[in-house]
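Structure data follow from input.txt (compact mmCIF, C-alpha atoms):
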# COMPACT_ATOMS: atom_id res chain seq x y z
CA MET A 1 73.23 32.20 114.65
CA SER A 2 72.57 34.94 117.08
CA ASP A 3 69.62 37.27 116.76
CA LEU A 4 71.52 40.07 118.33
CA PRO A 5 71.72 43.13 116.11
CA ALA A 6 75.05 43.97 114.69
CA PRO A 7 76.92 46.42 116.88
CA PRO A 8 76.80 49.96 115.60
CA PRO A 9 79.92 51.09 113.81
CA PRO A 10 82.26 53.04 116.00
CA PRO A 11 81.76 56.77 115.71
CA SER A 12 84.11 58.27 113.24
CA ALA A 13 86.81 60.41 114.73
CA PRO A 14 86.02 64.13 114.56
CA PRO A 15 87.83 65.86 111.72
CA GLU A 16 91.20 67.17 112.72
CA ARG A 17 91.04 70.87 113.43
CA PHE A 18 93.84 72.93 112.03
CA PRO A 19 94.49 75.75 114.49
CA ALA A 20 95.41 78.27 111.78
CA GLY A 21 93.93 81.23 113.61
CA ARG A 22 95.80 80.58 116.82
CA LEU A 23 99.01 79.75 114.99
CA VAL A 24 99.02 82.88 112.82
CA LEU A 25 97.84 85.16 115.62
CA GLY A 26 100.69 83.87 117.78
CA LEU A 27 103.21 84.47 115.00
CA VAL A 28 101.90 87.99 114.38
CA ILE A 29 102.09 88.90 118.07
CA VAL A 30 105.62 87.48 118.33
CA ALA A 31 106.68 89.47 115.24
CA ILE A 32 105.20 92.72 116.60
CA GLY A 33 106.87 92.04 119.96
CA ILE A 34 110.24 91.53 118.28
CA GLY A 35 109.78 94.77 116.34
CA ALA A 36 108.95 96.66 119.54
CA LEU A 37 111.91 95.11 121.36
CA LEU A 38 114.33 96.08 118.57
CA GLN A 39 113.03 99.62 118.76
CA VAL A 40 113.18 100.12 122.54
CA THR A 41 116.70 98.65 122.62
CA ASP A 42 117.71 101.04 119.81
CA VAL A 43 118.96 98.14 117.69
CA THR A 44 116.93 99.33 114.73
CA THR A 45 113.73 101.21 114.06
CA ARG A 46 113.45 99.85 110.55
CA ALA A 47 112.05 96.49 111.62
CA TRP A 48 108.57 98.02 111.31
CA ARG A 49 109.12 98.22 107.59
CA VAL A 50 108.83 94.46 107.37
CA VAL A 51 106.80 93.50 110.46
CA LEU A 52 103.34 94.60 109.33
CA PRO A 53 103.65 93.51 105.67
CA GLY A 54 105.18 90.26 106.96
CA ALA A 55 102.23 89.81 109.30
CA LEU A 56 99.83 90.28 106.38
CA ILE A 57 101.71 87.68 104.33
CA ALA A 58 101.61 85.30 107.30
CA VAL A 59 97.86 85.79 107.66
CA GLY A 60 97.42 85.13 103.93
CA LEU A 61 99.52 81.96 104.01
CA GLY A 62 97.65 80.78 107.11
CA LEU A 63 94.33 81.33 105.33
CA VAL A 64 95.46 79.47 102.20
CA VAL A 65 96.74 76.49 104.22
CA ALA A 66 93.71 76.41 106.52
CA GLY A 67 91.31 76.83 103.61
CA MET A 68 92.86 73.93 101.71
CA ARG A 69 92.91 71.64 104.73
CA SER A 70 89.43 72.20 106.06
CA GLY A 71 86.14 73.74 105.15
CA ARG A 72 85.80 75.60 108.42
CA SER A 73 85.14 79.31 108.38
CA GLN A 74 88.22 81.48 109.00
CA GLY A 75 86.40 84.70 109.78
CA GLY A 76 88.82 85.82 112.48
CA LEU A 77 91.84 85.58 110.21
CA ILE A 78 90.00 87.31 107.36
CA VAL A 79 89.09 90.22 109.66
CA LEU A 80 92.69 90.42 110.91
CA GLY A 81 93.95 90.47 107.31
CA LEU A 82 91.49 93.18 106.32
CA VAL A 83 92.52 95.35 109.29
CA LEU A 84 96.22 94.97 108.40
CA THR A 85 95.44 95.73 104.74
CA VAL A 86 93.60 98.93 105.63
CA ILE A 87 96.42 100.10 107.95
CA LEU A 88 99.10 99.41 105.34
CA ALA A 89 97.03 100.96 102.54
CA ILE A 90 96.55 104.18 104.50
CA ALA A 91 100.24 104.22 105.45
CA ALA A 92 101.24 103.79 101.80
CA ALA A 93 98.66 106.23 100.42
CA VAL A 94 99.72 109.17 102.59
CA ASP A 95 103.29 107.92 102.89
CA ILE A 96 103.35 107.39 106.64
CA PRO A 97 106.71 106.02 107.80
CA LEU A 98 106.05 103.35 110.41
CA GLU A 99 109.42 103.79 112.04
CA GLY A 100 111.31 106.03 114.39
CA GLY A 101 109.32 105.61 117.56
CA VAL A 102 106.53 107.50 119.26
CA GLY A 103 106.55 110.69 121.36
CA ASP A 104 108.12 114.13 121.30
CA ARG A 105 111.74 114.41 120.30
CA LEU A 106 114.13 117.34 120.23
CA GLU A 107 117.27 117.12 118.12
CA ARG A 108 119.77 119.94 118.63
CA PRO A 109 123.11 119.14 117.00
CA ALA A 110 125.91 121.45 118.08
CA THR A 111 128.16 121.12 115.08
CA PHE A 112 127.66 120.72 111.38
CA ASP A 113 129.31 117.30 111.47
CA ARG A 114 126.76 116.01 113.96
CA VAL A 115 123.80 116.71 111.72
CA ARG A 116 122.48 113.34 110.61
CA ALA A 117 121.37 112.65 107.07
CA GLU A 118 118.00 111.24 108.21
CA TYR A 119 115.59 111.79 111.08
CA HIS A 120 112.47 109.68 111.53
CA LEU A 121 109.54 109.68 113.95
CA ALA A 122 106.41 107.55 113.57
CA VAL A 123 103.99 109.48 115.78
CA GLY A 124 104.53 112.72 117.76
CA GLN A 125 106.50 115.92 117.37
CA LEU A 126 110.00 116.04 116.01
CA THR A 127 111.82 119.34 116.52
CA LEU A 128 115.08 119.80 114.70
CA ASP A 129 116.80 122.87 116.12
CA LEU A 130 119.82 123.86 114.04
CA THR A 131 120.40 127.26 115.64
CA ARG A 132 123.49 126.10 117.56
CA LEU A 133 125.30 124.88 114.49
CA THR A 134 128.85 125.99 113.92
CA GLY A 135 131.49 125.12 111.37
CA TYR A 136 129.54 124.98 108.16
CA GLY A 137 131.11 122.85 105.48
CA PRO A 138 131.88 123.94 101.94
CA VAL A 139 129.42 121.39 100.55
CA PRO A 140 125.71 121.72 101.39
CA ARG A 141 124.51 119.04 103.77
CA HIS A 142 121.39 117.17 102.69
CA VAL A 143 118.98 116.33 105.53
CA THR A 144 115.79 114.27 105.30
CA ALA A 145 113.30 114.39 108.17
CA ARG A 146 110.04 112.46 108.21
CA VAL A 147 107.17 112.20 110.69
CA GLY A 148 104.35 109.74 110.19
CA ILE A 149 101.56 111.37 112.18
CA GLY A 150 102.21 114.60 114.07
CA ARG A 151 104.34 117.68 113.70
CA LEU A 152 107.74 118.37 112.24
CA VAL A 153 109.36 121.63 113.32
CA LEU A 154 112.63 122.85 111.87
CA VAL A 155 114.41 125.88 113.28
CA VAL A 156 117.20 127.15 111.07
CA PRO A 157 119.77 129.73 112.07
CA ALA A 158 119.33 133.25 110.81
CA GLY A 159 121.67 134.33 108.10
CA ILE A 160 122.30 131.07 106.29
CA LEU A 161 120.81 130.02 102.99
CA VAL A 162 118.73 126.86 103.01
CA ASP A 163 116.96 124.96 100.28
CA VAL A 164 113.75 123.57 101.82
CA ARG A 165 111.12 121.27 100.38
CA GLY A 166 108.15 120.32 102.55
CA HIS A 167 105.43 117.76 101.92
CA ALA A 168 102.33 116.66 103.85
CA GLY A 169 100.09 113.76 102.84
CA VAL A 170 97.26 115.40 104.73
CA GLY A 171 97.81 118.64 106.66
CA ASP A 172 99.77 121.83 106.15
CA VAL A 173 103.29 122.95 105.34
CA THR A 174 104.49 126.34 106.56
CA ILE A 175 107.89 127.54 105.40
CA PHE A 176 109.08 130.91 106.68
CA GLY A 177 105.50 132.07 107.21
CA ARG A 178 104.14 130.94 103.86
CA SER A 179 101.59 128.20 104.38
CA GLU A 180 99.96 125.59 102.16
CA SER A 181 97.36 123.13 103.39
CA GLY A 182 95.15 120.31 102.14
CA ILE A 183 95.81 116.85 100.73
CA ASP A 184 99.11 115.94 99.11
CA VAL A 185 100.56 119.36 99.90
CA ASP A 186 103.90 120.61 98.69
CA ASN A 187 105.68 123.80 99.65
CA ALA A 188 109.23 124.97 99.14
CA SER A 189 111.68 127.77 99.66
CA ARG A 190 114.35 127.74 96.99
CA PRO A 191 117.30 130.11 97.12
CA PRO A 192 118.34 131.99 94.00
CA SER A 193 120.41 129.97 91.59
CA GLY A 194 124.10 130.27 92.18
CA ALA A 195 123.71 131.11 95.86
CA SER A 196 125.87 129.14 98.29
CA VAL A 197 123.40 126.90 100.08
CA VAL A 198 124.45 125.52 103.46
CA LEU A 199 121.62 123.07 104.06
CA SER A 200 119.34 121.21 101.71
CA LEU A 201 116.29 120.01 103.62
CA ASP A 202 113.68 117.47 102.58
CA LEU A 203 110.85 117.42 105.12
CA SER A 204 107.63 115.42 105.12
CA VAL A 205 104.76 114.30 107.31
CA GLY A 206 102.11 111.73 106.52
CA VAL A 207 99.35 113.40 108.50
CA GLY A 208 100.07 116.66 110.35
CA GLN A 209 102.14 119.80 110.01
CA VAL A 210 105.54 120.82 108.77
CA GLU A 211 106.83 124.14 110.08
CA VAL A 212 110.11 125.80 109.15
CA ARG A 213 111.16 129.03 110.83
CA ARG A 214 114.22 131.08 111.62
CA GLY A 215 115.64 130.87 115.12
CA MET B 1 88.20 73.09 101.03
CA ASN B 2 87.13 76.61 101.97
CA ARG B 3 87.44 78.60 98.73
CA THR B 4 86.65 81.91 100.45
CA ALA B 5 89.55 81.46 102.87
CA VAL B 6 91.91 80.47 100.06
CA ALA B 7 90.88 83.47 97.91
CA PHE B 8 91.26 85.95 100.78
CA GLY B 9 94.56 84.29 101.72
CA ALA B 10 95.94 84.69 98.20
CA PHE B 11 94.81 88.33 98.18
CA PHE B 12 96.51 89.02 101.52
CA VAL B 13 99.75 87.38 100.38
CA LEU B 14 99.86 89.47 97.18
CA ALA B 15 98.94 92.66 99.06
CA GLY B 16 101.54 91.92 101.75
CA VAL B 17 104.28 91.43 99.15
CA ALA B 18 103.28 94.70 97.43
CA PHE B 19 103.35 96.63 100.74
CA LEU B 20 106.67 95.02 101.68
CA LEU B 21 108.26 96.09 98.39
CA ASP B 22 106.87 99.59 98.91
CA ARG B 23 108.27 99.80 102.44
CA LEU B 24 111.68 98.58 101.30
CA GLY B 25 111.73 101.18 98.53
CA VAL B 26 111.86 98.59 95.75
CA TRP B 27 108.51 99.60 94.35
CA ASP B 28 106.64 102.86 94.88
CA LEU B 29 102.91 102.37 95.39
CA ARG B 30 101.16 105.38 93.88
CA SER B 31 98.30 106.49 96.10
CA ARG B 32 96.03 107.31 93.17
CA TYR B 33 96.27 103.72 91.90
CA LEU B 34 96.20 102.01 95.28
CA LEU B 35 92.51 102.17 96.14
CA PRO B 36 91.18 101.12 92.70
CA VAL B 37 93.63 98.22 92.53
CA LEU B 38 92.71 97.12 96.03
CA LEU B 39 89.00 97.27 95.18
CA ILE B 40 89.46 95.30 91.95
CA THR B 41 91.58 92.66 93.67
CA LEU B 42 89.19 92.35 96.59
CA GLY B 43 86.24 92.04 94.20
CA VAL B 44 88.00 89.31 92.21
CA ALA B 45 88.85 87.51 95.46
CA ILE B 46 85.20 87.62 96.50
CA LEU B 47 84.07 86.40 93.07
CA LEU B 48 86.56 83.53 93.07
CA GLY B 49 85.71 82.69 96.65
CA GLY B 50 81.97 82.39 96.02
CA ARG B 51 80.63 78.90 96.38
CA PRO B 52 79.00 77.42 93.28
CA ARG B 53 75.26 76.93 93.54
CA GLU B 54 74.16 73.38 94.14
CA ARG B 55 71.63 71.98 91.73
CA SER B 56 68.43 70.88 93.35
Give the structure from this file in structure tokens form.
Amino acid sequence: MSDLPAPPPPPSAPPERFPAGRLVLGLVIVAIGIGALLQVTDVTTRAWRVVLPGALIAVGLGLVVAGMRSGRSQGGLIVLGLVLTVILAIAAAVDIPLEGGVGDRLERPATFDRVRAEYHLAVGQLTLDLTRLTGYGPVPRHVTARVGIGRLVLVVPAGILVDVRGHAGVGDVTIFGRSESGIDVDNASRPPSGASVVLSLDLSVGVGQVEVRRG
Amino acid sequence: MNRTAVAFGAFFVLAGVAFLLDRLGVWDLRSRYLLPVLLITLGVAILLGGRPRERS
């Protein structure tokens, strides 16, 4: 028999690390990149509707999987999830559309047929100048314009009847010189009943100003 | 198992689905209800995620 001590047991392999943080962060960045690419190539601006909520769901699933597989702290993912939750909660509370791009945009349709049903801008100033319009149709055209954060300016031609409703989550709404301001602000200019309305306009900003004036 | 991570993860998944439905116009999140519901859900997530005390 040998007096040599028994060899020590081999060190146990370190617990497998599940790279949830890196995996989810990579997925979130890829998703945001795809959303940005779709926007700059004018394929669609509506991808933002699903990108940020999808990123939050991905973070949540990553946390659940990582939490069940290991006891390691996932502080980075929790912070990322909280940041996304706050952004989406603010966007939902003041109704900020996260679509339509960023910057200043001027829309000046020349004919009634070229007026789109919807205009969207995420951040910046959107000016919708309708003073060059010709060829009004017999049926009033309904137009919706929304700006997330910034300013929405609508210039309507003199001499036509319009039905305007303006809303601001936070900010002010000025319609033909009459202004309302504060939180969850509504303002409107309704024509007399029975009048032949040419345009029916539904305007809103999340945070900022809505201004409607005659050109 | 990290119960805190699982609880926060479940909260984020539910919140993400709610925001997604709101963005797609399926469900309208009312701003006056949003903050209280978020606070309640976050509080429940923290309560469920708390580690039980070990007996000495």
Would you mind reading off the distance between CA of Val164 (chain A) and CA of Leu201 (chain A), one decimal, in Å?
->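 A separation of 4.7 Å between them.
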What are the residues of chain B that have an atom within 6 Å of an atom of chain A, counting all atoms listed in the file, as a list in words?
-> Met1, Asn2, Ala5, Val6, Gly9, Ala10, Phe12, Val13, Gly16, Phe19, Leu20, Arg23 and Ser31 of chain B
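CA of Arg105 (chain A) lies 25.0 Å from CA of Leu161 (chain A).
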What is the distance, in Å and to one decimal place, between CA of Val102 (chain A) and CA of Ile149 (chain A)?
->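 Between CA of Val102 (chain A) and CA of Ile149 (chain A) the gap works out to 9.5 Å.
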Taking (108.5, 108.0, 113.7) in the file's coordinates as the center, which residues reach within 8 Å of it, counting all atoms listed in the file, put as a list in words?
->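 Residues close enough to count: Pro97, Leu98, Glu99, Gly100, Gly101, Val102, His120, Leu121, Ala122, Val123, Gly124, Arg146, Val147, Gly148 and Ile149 of chain A.
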Determine, counting all atoms listed in the file, which protein, DNA and RNA residues have an atom within 10 Å of an atom of Leu42 (chain B); residues of the same chain fewer than 3 positions away are not included. Present the result as a list in words.
->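 With the cut-off at 10 Å, the set is Ala7, Phe8, Phe11, Phe12, Pro36, Val37, Leu38, Leu39, Ala45, Ile46, Leu47 and Leu48 of chain B.
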Have a look at A:Gly150, A:Gly135, A:Gly208, A:Gly159 and name the one nearest to Ser181 (chain A); count only C-alpha atoms.
->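 Of A:Gly150, A:Gly135, A:Gly208, A:Gly159, the one nearest Ser181 (chain A) is A:Gly208, counting only C-alpha atoms.
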